[in-house]
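Engineer: One structure follows; several queries about it will come next.
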Amino acid sequence: MTEPRSARRPQPRPTQPLRQAWTQVVRTARRTTADGLVVGTSGNVSARVGDTVLVTPSGVPYDRLGPRDLVGVDLDGRQVLGTLAPTSELPMHLAVYRHTDEAAAIVHTHAVHATAVSTLVDELPAIHYMTAALGGPVRVAGYALYGTDELAENMLSALRDRSGCLLRNHGTVVYGATLDQAYDRTAQLEWMCQVWLAATAVPGHTPTLIPPAELDRAAAKLSGYGQPRDGGTEGGAPGVPK
């Protein structure tokens, strides 16, 4: 996806908006490890600024990333900023940005409970009303080798009318209008997977699920949840609205 380093054109200096966005990408990536959603460098984070996608580099621990490690590609995957190689999951990130106008940030994790659920079902049942915050019951994308166009295609199918999905035997992909929103949705998805696993583990009992009509009511109510702020009315916290 990237040109040989010797073939790359001289790169422009990153603008102030790009530098600010990179700071947020690094901060978010570090949150994924601090909160146990990622082990080592197994996940990745990106943000779109215009036609430039800032993305975490391949194989670099997040606590070692700094301003000089900024990595940027265009929407065709050509590297336009930095010298470190982009994440191997770049095809997934680019596929979302090319096909989803409202996506400006993506968080990909290998969260434990979500990955476990991805091996058990084709769709995470509506175990909680926060299912509506992701557009409905979360689908599981068919398995494909990591870093491939096939996986990106499977992911896009699972993301239809959704802002997040599970990847079979792999993890999660969630997008948002901001990095905070993408991260909060990711944390909420992991929590719902944990709840579903706990509920289904009780012998002799089957969890009740929320009917589609009630999910629609929840979605309408969630659309106005939170305090107004720049960038929208999203409350920003990963917890459950009260």
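Residues are referred to by chain and number: the chain letter is A, B, ... according to the order shown in the structure tokens, the number counts from 1 in that chain, and ligands are numbered separately from 1 in the order shown.
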Range 24-131 of chain A near range 198-219 of chain A within 7 Å: what's each residue's closest atom pair and its distance in Å to one decimal, counting only C-alpha atoms, ordered by chain then ascending residue number, as CSV?
Structural biologist:
residue,atom,partner,partner_atom,distance
A:Pro125,CA,A:Leu209,CA,6.9
A:Ala126,CA,A:Leu209,CA,5.4
A:Ile127,CA,A:Leu209,CA,5.1
A:His128,CA,A:Ile210,CA,6.8
A:Tyr129,CA,A:Leu215,CA,6.2
Engineer: Output the selection as an mmCIF file, in the first residue's frame - N, CA, C and O atoms for each residue.
Structural biologist:
data_model
loop_
_atom_site.group_PDB
_atom_site.id
_atom_site.type_symbol
_atom_site.label_atom_id
_atom_site.label_comp_id
_atom_site.auth_asym_id
_atom_site.auth_seq_id
_atom_site.Cartn_x
_atom_site.Cartn_y
_atom_site.Cartn_z
ATOM 1 N N PRO A 125 -26.492 -9.926 20.345
ATOM 2 C CA PRO A 125 -27.907 -9.640 20.594
ATOM 3 C C PRO A 125 -28.101 -8.319 21.334
ATOM 4 O O PRO A 125 -27.188 -7.806 21.995
ATOM 5 N N ALA A 126 -29.309 -7.786 21.251
ATOM 6 C CA ALA A 126 -29.636 -6.502 21.877
ATOM 7 C C ALA A 126 -29.828 -6.709 23.383
ATOM 8 O O ALA A 126 -30.943 -6.699 23.905
ATOM 9 N N ILE A 127 -28.741 -6.875 24.077
ATOM 10 C CA ILE A 127 -28.744 -7.165 25.508
ATOM 11 C C ILE A 127 -28.981 -5.907 26.348
ATOM 12 O O ILE A 127 -29.359 -5.981 27.518
ATOM 13 N N HIS A 128 -28.781 -4.722 25.744
ATOM 14 C CA HIS A 128 -28.881 -3.458 26.473
ATOM 15 C C HIS A 128 -29.311 -2.370 25.498
ATOM 16 O O HIS A 128 -29.021 -2.443 24.298
ATOM 17 N N TYR A 129 -29.974 -1.333 26.019
ATOM 18 C CA TYR A 129 -30.462 -0.287 25.118
ATOM 19 C C TYR A 129 -29.353 0.507 24.452
ATOM 20 O O TYR A 129 -29.557 1.164 23.425
#
Engineer: Please provide as a PDB file with N, CA, C and O atoms, in the first residue's frame all residues within 8 Å of Pro67 in chain A, with the sequence filter that same-chain residues fewer than 3 positions apart are discarded (counting only C-alpha atoms).
Structural biologist:
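Saved the output as part-v9.pdb:
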ATOM      1  N   ARG A  19      -0.879  18.261  13.377  1.00  0.00           N
ATOM      2  CA  ARG A  19      -0.113  17.998  14.606  1.00  0.00           C
ATOM      3  C   ARG A  19      -1.047  17.812  15.802  1.00  0.00           C
ATOM      4  O   ARG A  19      -0.828  16.938  16.643  1.00  0.00           O
ATOM      5  N   TRP A  22      -2.695  14.434  15.514  1.00  0.00           N
ATOM      6  CA  TRP A  22      -1.763  13.356  15.855  1.00  0.00           C
ATOM      7  C   TRP A  22      -1.650  13.201  17.368  1.00  0.00           C
ATOM      8  O   TRP A  22      -1.596  12.079  17.884  1.00  0.00           O
ATOM      9  N   THR A  23      -1.621  14.312  18.075  1.00  0.00           N
ATOM     10  CA  THR A  23      -1.576  14.254  19.540  1.00  0.00           C
ATOM     11  C   THR A  23      -2.764  13.480  20.077  1.00  0.00           C
ATOM     12  O   THR A  23      -2.639  12.659  21.001  1.00  0.00           O
ATOM     13  N   LEU A  70       4.737  11.010  13.653  1.00  0.00           N
ATOM     14  CA  LEU A  70       3.495  11.193  12.913  1.00  0.00           C
ATOM     15  C   LEU A  70       3.543  10.438  11.587  1.00  0.00           C
ATOM     16  O   LEU A  70       4.527  10.504  10.854  1.00  0.00           O
TER      17      LEU A  70
END
Engineer: Taking only C-alpha atoms into account, which of A:Ser58, A:Thr172, A:Thr148, A:Thr131 comes nearest Trp196 in chain A?
Structural biologist: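 Under the stated criterion, the closest residue is A:Thr131.
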Engineer: Give me, as a tab-separated table, the closest atom pair and its distance (Å, one decimal) for every residue of range 128-220 of chain A within a cut-off of 7 Å of range 114-122 of chain A, counting only C-alpha atoms, rows sorted by chain and rising number.
Structural biologist:
residue	atom	partner	partner_atom	distance
A:Arg139	CA	A:Asp122	CA	6.1
A:Val140	CA	A:Asp122	CA	5.1
A:Leu166	CA	A:Ser118	CA	6.0
A:Leu167	CA	A:Ser118	CA	6.3
A:Arg168	CA	A:Ser118	CA	4.8
A:Asn169	CA	A:Thr119	CA	5.4
A:His170	CA	A:Thr115	CA	5.8
A:Gly171	CA	A:Thr115	CA	4.6
A:Thr172	CA	A:Ala114	CA	6.9
A:Glu190	CA	A:Ala114	CA	5.3
A:Cys193	CA	A:Ala114	CA	5.3
Engineer: So that I can see what lies close to Met155 in chain A, please list as a PyMOL selection string the residues with an atom at most 7 Å from it, counting only C-alpha atoms and leaving out residues fewer than 4 positions away in the same chain.
Structural biologist: chain A and resi 141+151+159
Engineer: Given the choices A:Leu145, A:Gly50, A:Val39, A:Leu179, which gets closest to Val26 in chain A if the distance is worked out from only C-alpha atoms?
Structural biologist: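 Closest to Val26 in chain A of all the choices is A:Leu179.
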Engineer: Enumerate as a VMD selection string all residues of range 19-234 of chain A assigned to helix (DSSP H, G or I) by DSSP on the backbone, naming them with the chain letters and numbers the document uses.
Structural biologist: chain A and resid 19 to 34 62 to 64 67 to 69 90 to 99 112 to 118 129 to 134 149 to 158 179 to 200 212 to 222
Engineer: Could you please determine the separation between CA of Gly36 in chain A and CA of Ala105 in chain A in Å, to one decimal place?
Structural biologist: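 Separation of CA of Gly36 in chain A and CA of Ala105 in chain A: 19.8 Å.
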